[in-house]
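final02.txt follows; it contains compact mmCIF, C-alpha atoms.
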# COMPACT_ATOMS: atom_id res chain seq x y z
CA MET F 1 -13.43 26.09 -2.49
CA ASN F 2 -14.35 25.21 -6.07
CA THR F 3 -16.28 22.05 -6.80
CA PRO F 4 -13.87 19.38 -8.08
CA LYS F 5 -14.35 17.93 -11.55
CA ILE F 6 -13.87 14.32 -10.43
CA SER F 7 -14.63 12.46 -7.20
CA VAL F 8 -12.62 9.26 -6.75
CA ILE F 9 -14.02 6.85 -4.15
CA VAL F 10 -11.62 4.40 -2.49
CA PRO F 11 -13.01 1.84 0.03
CA VAL F 12 -10.25 0.84 2.45
CA TYR F 13 -9.95 -2.16 4.75
CA ASN F 14 -6.84 -4.11 5.78
CA VAL F 15 -4.63 -3.05 2.83
CA GLU F 16 -1.76 -1.28 4.59
CA LYS F 17 0.80 -3.05 2.40
CA TYR F 18 -0.74 -1.86 -0.87
CA LEU F 19 -2.35 1.46 0.00
CA PRO F 20 0.70 3.68 -0.77
CA CYS F 21 0.85 2.38 -4.36
CA CYS F 22 -2.83 3.17 -4.86
CA MET F 23 -2.64 6.61 -3.26
CA ASN F 24 0.49 7.60 -5.18
CA SER F 25 -1.29 6.86 -8.45
CA LEU F 26 -4.14 9.18 -7.42
CA LEU F 27 -2.10 11.98 -5.89
CA ASN F 28 0.18 12.12 -8.93
CA GLN F 29 -2.57 12.33 -11.55
CA THR F 30 -1.82 14.72 -14.39
CA PHE F 31 -5.38 15.97 -13.89
CA THR F 32 -5.31 17.60 -10.46
CA ASP F 33 -8.88 18.92 -10.08
CA ILE F 34 -10.06 15.88 -8.16
CA GLU F 35 -11.21 14.91 -4.69
CA ILE F 36 -10.20 11.57 -3.21
CA ILE F 37 -12.80 10.12 -0.86
CA ILE F 38 -11.36 7.36 1.30
CA VAL F 39 -13.99 5.28 3.09
CA VAL F 40 -12.31 3.45 5.96
CA ASP F 41 -13.99 0.47 7.59
CA LYS F 42 -13.86 1.50 11.23
CA VAL F 43 -13.66 -1.65 13.33
CA SER F 44 -12.25 -1.95 16.82
CA PRO F 45 -9.53 -2.93 17.02
CA PRO F 46 -8.53 -2.25 13.40
CA PRO F 47 -6.68 -5.11 11.63
CA ASP F 48 -3.88 -2.74 10.58
CA ASN F 49 -2.89 0.96 10.56
CA CYS F 50 -5.05 1.96 7.59
CA PRO F 51 -7.36 4.32 9.54
CA ALA F 52 -4.43 6.31 10.93
CA ILE F 53 -2.57 6.26 7.61
CA CYS F 54 -5.62 7.61 5.77
CA ASP F 55 -6.08 10.41 8.30
CA GLU F 56 -2.43 11.29 7.83
CA TYR F 57 -2.89 11.50 4.06
CA ALA F 58 -5.78 13.92 4.58
CA LYS F 59 -3.63 16.19 6.73
CA HIS F 60 -1.16 16.69 3.90
CA ASP F 61 -3.49 17.09 0.91
CA HIS F 62 -6.68 19.14 0.96
CA ARG F 63 -8.14 17.04 -1.86
CA ILE F 64 -8.52 14.03 0.43
CA LYS F 65 -11.63 13.35 2.49
CA VAL F 66 -11.73 10.45 4.94
CA VAL F 67 -15.05 8.86 5.90
CA HIS F 68 -14.97 6.42 8.82
CA ALA F 69 -17.76 3.87 8.34
CA ILE F 70 -18.48 1.12 10.85
CA ASN F 71 -18.45 -2.40 9.37
CA GLU F 72 -20.20 -1.28 6.20
CA GLY F 73 -18.92 -3.87 3.73
CA LEU F 74 -17.92 -2.95 0.20
CA GLY F 75 -21.26 -1.93 -1.31
CA LEU F 76 -22.34 0.25 1.59
CA ALA F 77 -18.85 1.74 1.86
CA LEU F 78 -19.13 2.90 -1.76
CA ASN F 79 -22.51 4.40 -0.92
CA ALA F 80 -20.93 6.30 1.97
CA GLY F 81 -18.49 7.76 -0.53
CA LEU F 82 -21.28 8.75 -2.91
CA GLU F 83 -23.07 10.56 -0.09
CA VAL F 84 -20.24 13.07 0.29
CA ALA F 85 -19.01 13.20 -3.33
CA THR F 86 -19.29 16.60 -5.01
CA GLY F 87 -17.50 16.06 -8.33
CA GLU F 88 -18.99 16.35 -11.80
CA PHE F 89 -17.81 12.80 -12.52
CA ILE F 90 -17.43 9.73 -10.32
CA ALA F 91 -14.66 7.12 -10.42
CA PHE F 92 -13.86 4.15 -8.18
CA VAL F 93 -10.53 2.55 -7.27
CA ASP F 94 -9.90 -0.48 -5.05
CA PRO F 95 -7.13 0.19 -2.51
CA ASP F 96 -4.88 -2.72 -3.55
CA ASP F 97 -4.95 -1.61 -7.21
CA TYR F 98 -3.74 1.52 -8.96
CA ILE F 99 -4.64 3.65 -11.97
CA GLU F 100 -2.42 5.13 -14.66
CA THR F 101 -1.44 8.71 -13.80
CA ASN F 102 -2.84 10.14 -17.06
CA ALA F 103 -6.16 8.30 -16.76
CA TYR F 104 -8.41 11.04 -15.43
CA GLU F 105 -6.99 13.68 -17.75
CA LYS F 106 -7.93 11.56 -20.75
CA LEU F 107 -11.25 10.36 -19.37
CA TYR F 108 -12.40 13.85 -18.38
CA SER F 109 -11.38 15.33 -21.73
CA MET F 110 -13.15 12.59 -23.66
CA SER F 111 -16.31 12.87 -21.53
CA VAL F 112 -16.51 16.63 -22.09
CA ASP F 113 -15.77 16.41 -25.82
CA THR F 114 -18.19 13.56 -26.57
CA LYS F 115 -20.81 14.29 -23.87
CA ALA F 116 -20.74 10.58 -23.00
CA ASP F 117 -22.69 9.47 -19.93
CA ALA F 118 -20.08 6.82 -19.15
CA ILE F 119 -16.77 5.54 -20.49
CA TYR F 120 -15.69 1.95 -19.93
CA PHE F 121 -12.12 0.73 -20.33
CA PRO F 122 -10.22 -2.56 -19.76
CA PHE F 123 -7.77 -3.40 -17.01
CA GLN F 124 -4.38 -5.05 -16.80
CA ARG F 125 -3.70 -7.75 -14.21
CA PHE F 126 -0.48 -7.89 -12.23
CA ASN F 127 0.84 -9.63 -9.13
CA ASP F 128 3.45 -9.11 -6.45
CA GLN F 129 5.97 -11.15 -8.42
CA GLY F 130 6.03 -8.54 -11.18
CA GLU F 131 4.08 -10.59 -13.71
CA ARG F 132 1.60 -8.76 -15.93
CA TRP F 133 -1.06 -10.03 -18.26
CA ARG F 134 -4.13 -8.68 -19.97
CA LYS F 135 -7.01 -10.81 -21.17
CA ASN F 136 -9.74 -8.35 -22.08
CA TYR F 137 -9.46 -6.02 -25.04
CA TYR F 138 -12.11 -3.43 -25.90
CA LYS F 139 -12.62 -1.78 -29.23
CA GLU F 140 -13.43 1.90 -29.28
CA LYS F 141 -17.17 1.87 -29.75
CA LEU F 142 -20.10 4.23 -29.32
CA TYR F 143 -23.45 3.06 -27.95
CA HIS F 144 -26.18 5.63 -28.43
CA THR F 145 -29.42 3.93 -29.52
CA GLU F 146 -31.77 2.26 -27.05
CA GLU F 147 -31.14 -1.10 -28.72
CA GLU F 148 -27.36 -0.72 -28.45
CA ILE F 149 -27.46 0.26 -24.79
CA ARG F 150 -29.85 -2.57 -23.91
CA GLY F 151 -27.43 -4.90 -25.67
CA LEU F 152 -24.60 -3.50 -23.57
CA MET F 153 -26.66 -4.08 -20.42
CA LEU F 154 -27.03 -7.74 -21.38
CA ASN F 155 -23.33 -8.00 -22.16
CA MET F 156 -22.57 -6.62 -18.69
CA ILE F 157 -24.38 -9.65 -17.27
CA SER F 158 -22.96 -12.41 -19.45
CA ASN F 159 -22.74 -13.77 -22.99
CA ARG F 160 -25.06 -15.93 -25.03
CA PRO F 161 -24.65 -19.72 -24.61
CA GLU F 162 -22.50 -20.24 -27.73
CA ALA F 163 -19.95 -17.50 -26.96
CA LYS F 164 -16.39 -18.60 -26.18
CA LYS F 165 -16.15 -16.52 -23.00
CA ASP F 166 -18.61 -15.91 -20.19
CA LEU F 167 -18.05 -12.17 -20.41
CA ASN F 168 -16.66 -9.69 -22.94
CA ILE F 169 -17.34 -6.43 -21.08
CA GLU F 170 -15.77 -5.96 -17.66
CA CYS F 171 -18.49 -5.17 -15.12
CA SER F 172 -16.28 -3.68 -12.39
CA VAL F 173 -17.18 -0.06 -11.65
CA CYS F 174 -13.44 0.56 -11.26
CA CYS F 175 -13.28 0.30 -15.06
CA GLY F 176 -15.92 2.97 -15.55
CA PHE F 177 -16.14 6.77 -15.51
CA PHE F 178 -19.61 8.07 -14.61
CA ARG F 179 -21.59 11.31 -14.64
CA HIS F 180 -22.56 12.27 -11.11
CA ASP F 181 -25.79 13.93 -12.27
CA ILE F 182 -27.22 10.61 -13.44
CA ILE F 183 -26.31 8.90 -10.16
CA ARG F 184 -27.74 11.77 -8.14
CA MET F 185 -30.90 12.29 -10.20
CA HIS F 186 -31.95 8.63 -10.01
CA GLY F 187 -30.70 7.92 -6.51
CA LEU F 188 -28.41 5.12 -7.71
CA ARG F 189 -26.70 3.20 -4.95
CA PHE F 190 -24.87 -0.10 -4.49
CA LYS F 191 -26.48 -3.15 -2.95
CA ASP F 192 -24.99 -4.76 0.14
CA GLU F 193 -22.67 -7.51 -1.16
CA ARG F 194 -23.37 -9.51 2.00
CA GLU F 195 -26.87 -9.95 0.56
CA LEU F 196 -26.23 -9.77 -3.20
CA ILE F 197 -22.87 -10.72 -4.72
CA SER F 198 -21.36 -8.74 -7.60
CA VAL F 199 -22.69 -5.31 -6.65
CA ASP F 200 -20.76 -3.75 -9.55
CA ARG F 201 -22.83 -5.57 -12.15
CA LEU F 202 -26.13 -4.39 -10.67
CA PHE F 203 -24.93 -0.80 -10.37
CA ASN F 204 -23.78 -0.74 -14.01
CA VAL F 205 -27.03 -2.19 -15.32
CA GLU F 206 -29.07 0.32 -13.33
CA TYR F 207 -26.85 3.18 -14.51
CA LEU F 208 -27.18 2.15 -18.16
CA LYS F 209 -30.97 2.29 -17.88
CA TYR F 210 -30.72 6.07 -17.57
CA SER F 211 -27.92 6.63 -20.08
CA SER F 212 -28.15 7.74 -23.69
CA LYS F 213 -24.50 7.70 -24.80
CA ILE F 214 -21.83 5.22 -23.75
CA ILE F 215 -18.28 4.78 -25.04
CA THR F 216 -15.87 1.86 -24.64
CA ILE F 217 -12.17 2.45 -25.28
CA PRO F 218 -9.12 0.13 -25.53
CA ASP F 219 -6.89 2.04 -23.06
CA ALA F 220 -6.10 -0.18 -20.05
CA PHE F 221 -6.03 2.60 -17.48
CA TYR F 222 -6.73 0.34 -14.53
CA ASN F 223 -4.20 -2.01 -12.93
CA TYR F 224 -5.78 -4.89 -11.03
CA ARG F 225 -3.66 -6.64 -8.43
CA VAL F 226 -4.18 -10.40 -8.33
CA ASN F 227 -4.18 -10.65 -4.56
CA PRO F 228 -4.98 -14.12 -3.16
CA LEU F 229 -6.10 -12.50 0.11
CA SER F 230 -8.60 -10.18 -1.58
CA MET F 231 -12.15 -10.83 -0.43
CA THR F 232 -13.24 -11.11 -4.06
CA ARG F 233 -10.99 -14.18 -4.42
CA VAL F 234 -12.03 -16.06 -1.28
CA THR F 235 -14.61 -18.78 -1.89
CA LYS F 236 -16.82 -19.69 1.06
CA THR F 237 -18.94 -22.76 1.65
CA ASP F 238 -22.18 -20.83 1.15
CA SER F 239 -21.09 -19.34 -2.19
CA ILE F 240 -23.47 -21.48 -4.30
CA VAL F 241 -26.46 -20.47 -2.18
CA LYS F 242 -25.52 -16.79 -2.51
CA ASN F 243 -25.00 -17.25 -6.25
CA TYR F 244 -28.48 -18.72 -6.56
CA PHE F 245 -30.08 -15.88 -4.60
CA TYR F 246 -28.33 -13.37 -6.84
CA TYR F 247 -29.41 -15.32 -9.94
CA GLN F 248 -33.06 -15.09 -8.88
CA TYR F 249 -32.65 -11.36 -8.31
CA LEU F 250 -31.15 -10.94 -11.80
CA LEU F 251 -33.95 -12.92 -13.42
CA GLU F 252 -36.60 -10.76 -11.76
CA MET F 253 -34.80 -7.53 -12.66
CA LEU F 254 -34.47 -8.56 -16.31
CA LYS F 255 -38.08 -9.67 -16.43
CA THR F 256 -39.21 -6.31 -15.01
CA ASN F 257 -37.24 -4.55 -17.76
CA ASN F 258 -38.76 -6.72 -20.52
CA PHE F 259 -35.65 -8.61 -21.60
CA GLY F 260 -37.62 -11.82 -22.12
CA MET F 261 -35.82 -15.03 -23.15
CA GLU F 262 -32.60 -13.16 -23.91
CA GLY F 263 -32.49 -12.00 -20.30
CA TYR F 264 -32.96 -15.58 -19.10
CA LEU F 265 -30.13 -16.84 -21.32
CA ARG F 266 -27.69 -14.16 -20.10
CA ALA F 267 -28.56 -14.49 -16.40
CA THR F 268 -28.33 -18.27 -16.55
CA ARG F 269 -24.96 -18.23 -18.30
CA PHE F 270 -23.78 -15.85 -15.58
CA PHE F 271 -25.02 -18.20 -12.86
CA ILE F 272 -23.45 -21.29 -14.44
CA GLY F 273 -20.12 -19.50 -14.94
CA TYR F 274 -20.06 -17.96 -11.47
CA CYS F 275 -20.79 -21.32 -9.85
CA ARG F 276 -18.17 -23.03 -12.01
CA ASN F 277 -15.57 -20.53 -10.78
CA SER F 278 -16.73 -21.01 -7.18
CA ILE F 279 -16.35 -24.78 -7.52
CA ARG F 280 -12.93 -24.41 -9.11
CA SER F 281 -11.73 -22.04 -6.37
CA PHE F 282 -13.04 -24.27 -3.61
CA ILE F 283 -11.38 -27.35 -5.08
CA GLN F 284 -8.10 -25.46 -5.35
CA SER F 285 -8.30 -24.24 -1.75
CA SER F 286 -6.16 -25.57 1.11
CA LEU F 287 -9.00 -27.62 2.58
CA SER F 288 -8.69 -31.39 2.77
CA ARG F 289 -9.95 -33.62 -0.04
CA ARG F 290 -12.59 -35.00 2.32
CA GLU F 291 -13.93 -31.53 3.06
CA LYS F 292 -14.02 -30.68 -0.64
CA MET F 293 -15.87 -33.87 -1.53
CA GLN F 294 -18.37 -33.32 1.27
CA TRP F 295 -19.02 -29.79 -0.01
CA LEU F 296 -19.37 -31.05 -3.59
CA ARG F 297 -21.98 -33.57 -2.43
CA GLU F 298 -24.11 -30.70 -1.16
CA VAL F 299 -23.52 -28.71 -4.36
CA VAL F 300 -24.49 -31.40 -6.87
CA ASN F 301 -27.64 -32.22 -4.89
CA GLN F 302 -29.05 -28.74 -5.48
CA PRO F 303 -32.24 -29.12 -7.61
CA VAL F 304 -31.46 -25.97 -9.61
CA TRP F 305 -29.02 -27.87 -11.88
CA ARG F 306 -31.75 -30.20 -13.12
CA GLU F 307 -34.10 -27.26 -13.60
CA ILE F 308 -31.53 -25.40 -15.71
CA ALA F 309 -30.64 -28.53 -17.71
CA SER F 310 -34.29 -28.83 -18.78
CA SER F 311 -34.62 -25.24 -20.05
CA TYR F 312 -31.18 -23.84 -20.85
CA PRO F 313 -29.29 -24.98 -24.01
CA TYR F 314 -26.13 -25.86 -22.08
CA LYS F 315 -24.87 -28.11 -24.91
CA GLN F 316 -24.25 -24.91 -26.91
CA LEU F 317 -21.65 -23.81 -24.34
CA PRO F 318 -17.97 -24.22 -25.24
CA LEU F 319 -17.10 -27.90 -24.81
CA LYS F 320 -15.16 -27.63 -21.54
CA TYR F 321 -17.96 -25.58 -19.97
CA ALA F 322 -20.70 -27.86 -21.30
CA LEU F 323 -18.92 -30.93 -19.90
CA HIS F 324 -18.45 -29.25 -16.52
CA PHE F 325 -22.16 -28.47 -16.32
CA TYR F 326 -23.07 -31.99 -17.50
CA LEU F 327 -21.08 -33.53 -14.63
CA LEU F 328 -22.64 -31.03 -12.24
CA HIS F 329 -26.28 -31.58 -13.15
CA LYS F 330 -25.82 -35.37 -13.35
CA GLY F 331 -24.36 -35.35 -9.84
CA TYR F 332 -21.01 -36.92 -10.75
CA ARG F 333 -19.11 -35.21 -7.97
CA ARG F 334 -15.95 -37.33 -8.12
CA LEU F 335 -15.60 -36.82 -11.86
CA LEU F 336 -16.39 -33.13 -11.34
CA TYR F 337 -13.64 -32.91 -8.73
CA TYR F 338 -10.96 -34.46 -10.94
CA TYR F 339 -12.13 -32.68 -14.09
CA SER F 340 -11.93 -29.30 -12.38
CA LYS F 341 -8.40 -30.00 -11.13
CA LEU F 342 -7.26 -31.32 -14.51
CA LYS F 343 -8.94 -28.77 -16.79
CA TYR F 344 -8.49 -25.52 -14.91
CA GLY F 345 -5.26 -26.09 -12.95
CA ARG F 346 -4.10 -23.61 -10.33
CA MET F 347 -5.70 -20.17 -10.27
Take the structure in the file and give it back as structure tokens.
Amino acid sequence: MNTPKISVIVPVYNVEKYLPCCMNSLLNQTFTDIEIIIVVDKVSPPPDNCPAICDEYAKHDHRIKVVHAINEGLGLALNAGLEVATGEFIAFVDPDDYIETNAYEKLYSMSVDTKADAIYFPFQRFNDQGERWRKNYYKEKLYHTEEEIRGLMLNMISNRPEAKKDLNIECSVCCGFFRHDIIRMHGLRFKDERELISVDRLFNVEYLKYSSKIITIPDAFYNYRVNPLSMTRVTKTDSIVKNYFYYQYLLEMLKTNNFGMEGYLRATRFFIGYCRNSIRSFIQSSLSRREKMQWLREVVNQPVWREIASSYPYKQLPLKYALHFYLLHKGYRRLLYYYSKLKYGRM
């Protein structure tokens, strides 16, 4: 059998309701020379019928491979897919999302014509109520000098303090199209998200280190389901601790790659923004007010906020973000609680 042009890796766990939508978008691609690698989290007993459903898909389409991985977690599940991928290019799709049916035809054609090492594109959000909205717009842009690509690496982490948004470039690997040779040659793999959050960001930054030509395009090929049950939207009580551990990892990685003060500014803005979103999500959870206030007491007592306040120019942040951080590092947990509810509303 000929080697496929594109390998699409789909990690699957407890998404029986949404899986058909995702699979239909892949099986009906206008570009048919693909392999679809489904990595199923094999737990006993399984939470739904996904393992059996995936095996059934494979019986009816020779392009589908099913890998049964035992309690791998997202990052390691993606690695299991990379281990068996044979395509010239690599793409990723989450099982509760879907991709436009002409996406891989256009991405493959553009990659061959331009010889780009990666193409990044925006996504469109949608929910089960039929609402759609899109917040991130990319311009078509070529990055081909070392300075431009290093700048893109920094933008994948976060923005400078004065920027209006925390992030301009989406870091999800689902919004990227990658050359397999680069991944294979440099042994690139995902971290375990149970140890380091945001495994997509780290993978992208590592990939860009070995790239010489990157393109961003405005086509929103990817459709991201806003699913309140998705594990990426569940905030846990230890989220701040995990954020801090990841922040330290980022700082060390950027230091090793000689990003200097600019690396510190980007990593710190990422950390502040990620923690702000964790606080907002926790406050908007179904827990009692007492539980939320108890958790906030632990959060504001973390010494890292005072350390950052002494070295990071947080007053340059947009006003609502600067005020949020001010309340955080001063330890005003009650004001922080009410400000978060008032300013950010329901997610």
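Atom CA of Gly263 of chain F is found 17.6 Å from atom CA of Val304 of chain F.
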Problem set entry | Ref. answer, residues at most 8 Å from (-17.2, -4.5, 10.4) with all atoms listed in the file, as a ChimeraX atom specification | /F:41-43,70-73
For this session: Pick out the closest residue to Asp200 of chain F from this set: F:Phe92, F:Trp295, F:Tyr108, F:Phe259. Count only C-alpha atoms.
Result: F:Phe92
Per residue of segment 45-118 of chain F within 10 Å of segment 140-146 of chain F, what are the shortest atom pair and its distance in Å to one decimal, counting all atoms listed in the file, with rows by chain and residue number, as CSV?
residue,atom,partner,partner_atom,distance
F:Thr114,CA,F:Leu142,CA,9.9
F:Ala116,CA,F:Leu142,CA,9.0
F:Asp117,CA,F:His144,CA,10.0
For this session: For atom CA of Asp96 of chain F and atom CA of Asn24 of chain F, quote the distance in Å rounded to one decimal.
Result: 11.7 Å
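Taking only C-alpha atoms into account, the protein, DNA and RNA residues within 8 Å of (-28.9, 11.0, -21.0) read Asp117, Ile182, Tyr210, Ser211, Ser212 and Lys213 of chain F.
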Working from the structure I just supplied, which lacks atoms in segment 19-43 of chain F, can you model N, CA and C atoms there and output them as an mmCIF file, keeping the file's coordinate frame?
data_model
loop_
_atom_site.group_PDB
_atom_site.id
_atom_site.type_symbol
_atom_site.label_atom_id
_atom_site.label_comp_id
_atom_site.auth_asym_id
_atom_site.auth_seq_id
_atom_site.Cartn_x
_atom_site.Cartn_y
_atom_site.Cartn_z
ATOM 1 N N LEU F 19 -1.729 0.147 0.072
ATOM 2 C CA LEU F 19 -2.350 1.460 0.000
ATOM 3 C C LEU F 19 -1.443 2.552 -0.573
ATOM 4 N N PRO F 20 -0.154 2.623 -0.211
ATOM 5 C CA PRO F 20 0.700 3.680 -0.770
ATOM 6 C C PRO F 20 0.762 3.656 -2.297
ATOM 7 N N CYS F 21 0.820 2.484 -2.890
ATOM 8 C CA CYS F 21 0.850 2.380 -4.360
ATOM 9 C C CYS F 21 -0.412 2.975 -4.966
ATOM 10 N N CYS F 22 -1.553 2.636 -4.383
ATOM 11 C CA CYS F 22 -2.830 3.170 -4.860
ATOM 12 C C CYS F 22 -2.886 4.680 -4.712
ATOM 13 N N MET F 23 -2.546 5.177 -3.527
ATOM 14 C CA MET F 23 -2.640 6.610 -3.260
ATOM 15 C C MET F 23 -1.665 7.411 -4.109
ATOM 16 N N ASN F 24 -0.477 6.885 -4.333
ATOM 17 C CA ASN F 24 0.490 7.600 -5.180
ATOM 18 C C ASN F 24 -0.036 7.768 -6.600
ATOM 19 N N SER F 25 -0.741 6.750 -7.094
ATOM 20 C CA SER F 25 -1.290 6.860 -8.450
ATOM 21 C C SER F 25 -2.367 7.920 -8.539
ATOM 22 N N LEU F 26 -3.081 8.160 -7.444
ATOM 23 C CA LEU F 26 -4.140 9.180 -7.420
ATOM 24 C C LEU F 26 -3.567 10.571 -7.175
ATOM 25 N N LEU F 27 -2.657 10.671 -6.235
ATOM 26 C CA LEU F 27 -2.100 11.980 -5.890
ATOM 27 C C LEU F 27 -1.216 12.543 -7.004
ATOM 28 N N ASN F 28 -0.697 11.672 -7.850
ATOM 29 C CA ASN F 28 0.180 12.120 -8.930
ATOM 30 C C ASN F 28 -0.506 12.170 -10.290
ATOM 31 N N GLN F 29 -1.831 12.210 -10.291
ATOM 32 C CA GLN F 29 -2.570 12.330 -11.550
ATOM 33 C C GLN F 29 -2.184 13.617 -12.289
ATOM 34 N N THR F 30 -2.087 13.526 -13.600
ATOM 35 C CA THR F 30 -1.820 14.720 -14.390
ATOM 36 C C THR F 30 -3.005 15.683 -14.369
ATOM 37 N N PHE F 31 -4.184 15.147 -14.082
ATOM 38 C CA PHE F 31 -5.380 15.970 -13.890
ATOM 39 C C PHE F 31 -5.549 16.160 -12.390
ATOM 40 N N THR F 32 -5.390 17.365 -11.910
ATOM 41 C CA THR F 32 -5.310 17.600 -10.460
ATOM 42 C C THR F 32 -6.627 18.036 -9.816
ATOM 43 N N ASP F 33 -7.625 18.396 -10.634
ATOM 44 C CA ASP F 33 -8.880 18.920 -10.080
ATOM 45 C C ASP F 33 -9.778 17.765 -9.652
ATOM 46 N N ILE F 34 -9.334 17.044 -8.636
ATOM 47 C CA ILE F 34 -10.060 15.880 -8.160
ATOM 48 C C ILE F 34 -10.190 15.937 -6.639
ATOM 49 N N GLU F 35 -11.155 15.186 -6.117
ATOM 50 C CA GLU F 35 -11.210 14.910 -4.690
ATOM 51 C C GLU F 35 -11.120 13.398 -4.511
ATOM 52 N N ILE F 36 -10.395 12.990 -3.492
ATOM 53 C CA ILE F 36 -10.200 11.570 -3.210
ATOM 54 C C ILE F 36 -10.930 11.257 -1.920
ATOM 55 N N ILE F 37 -11.979 10.452 -2.016
ATOM 56 C CA ILE F 37 -12.800 10.120 -0.860
ATOM 57 C C ILE F 37 -12.430 8.722 -0.396
ATOM 58 N N ILE F 38 -11.758 8.650 0.737
ATOM 59 C CA ILE F 38 -11.360 7.360 1.300
ATOM 60 C C ILE F 38 -12.396 6.951 2.341
ATOM 61 N N VAL F 39 -13.010 5.802 2.126
ATOM 62 C CA VAL F 39 -13.990 5.280 3.090
ATOM 63 C C VAL F 39 -13.317 4.153 3.856
ATOM 64 N N VAL F 40 -13.032 4.401 5.122
ATOM 65 C CA VAL F 40 -12.310 3.450 5.960
ATOM 66 C C VAL F 40 -13.296 2.655 6.802
ATOM 67 N N ASP F 41 -13.154 1.335 6.752
ATOM 68 C CA ASP F 41 -13.990 0.470 7.590
ATOM 69 C C ASP F 41 -13.476 0.574 9.026
ATOM 70 N N LYS F 42 -14.277 1.210 9.860
ATOM 71 C CA LYS F 42 -13.860 1.500 11.230
ATOM 72 C C LYS F 42 -14.297 0.363 12.156
ATOM 73 N N VAL F 43 -13.396 -0.566 12.393
ATOM 74 C CA VAL F 43 -13.660 -1.650 13.330
ATOM 75 C C VAL F 43 -12.706 -1.504 14.507
#
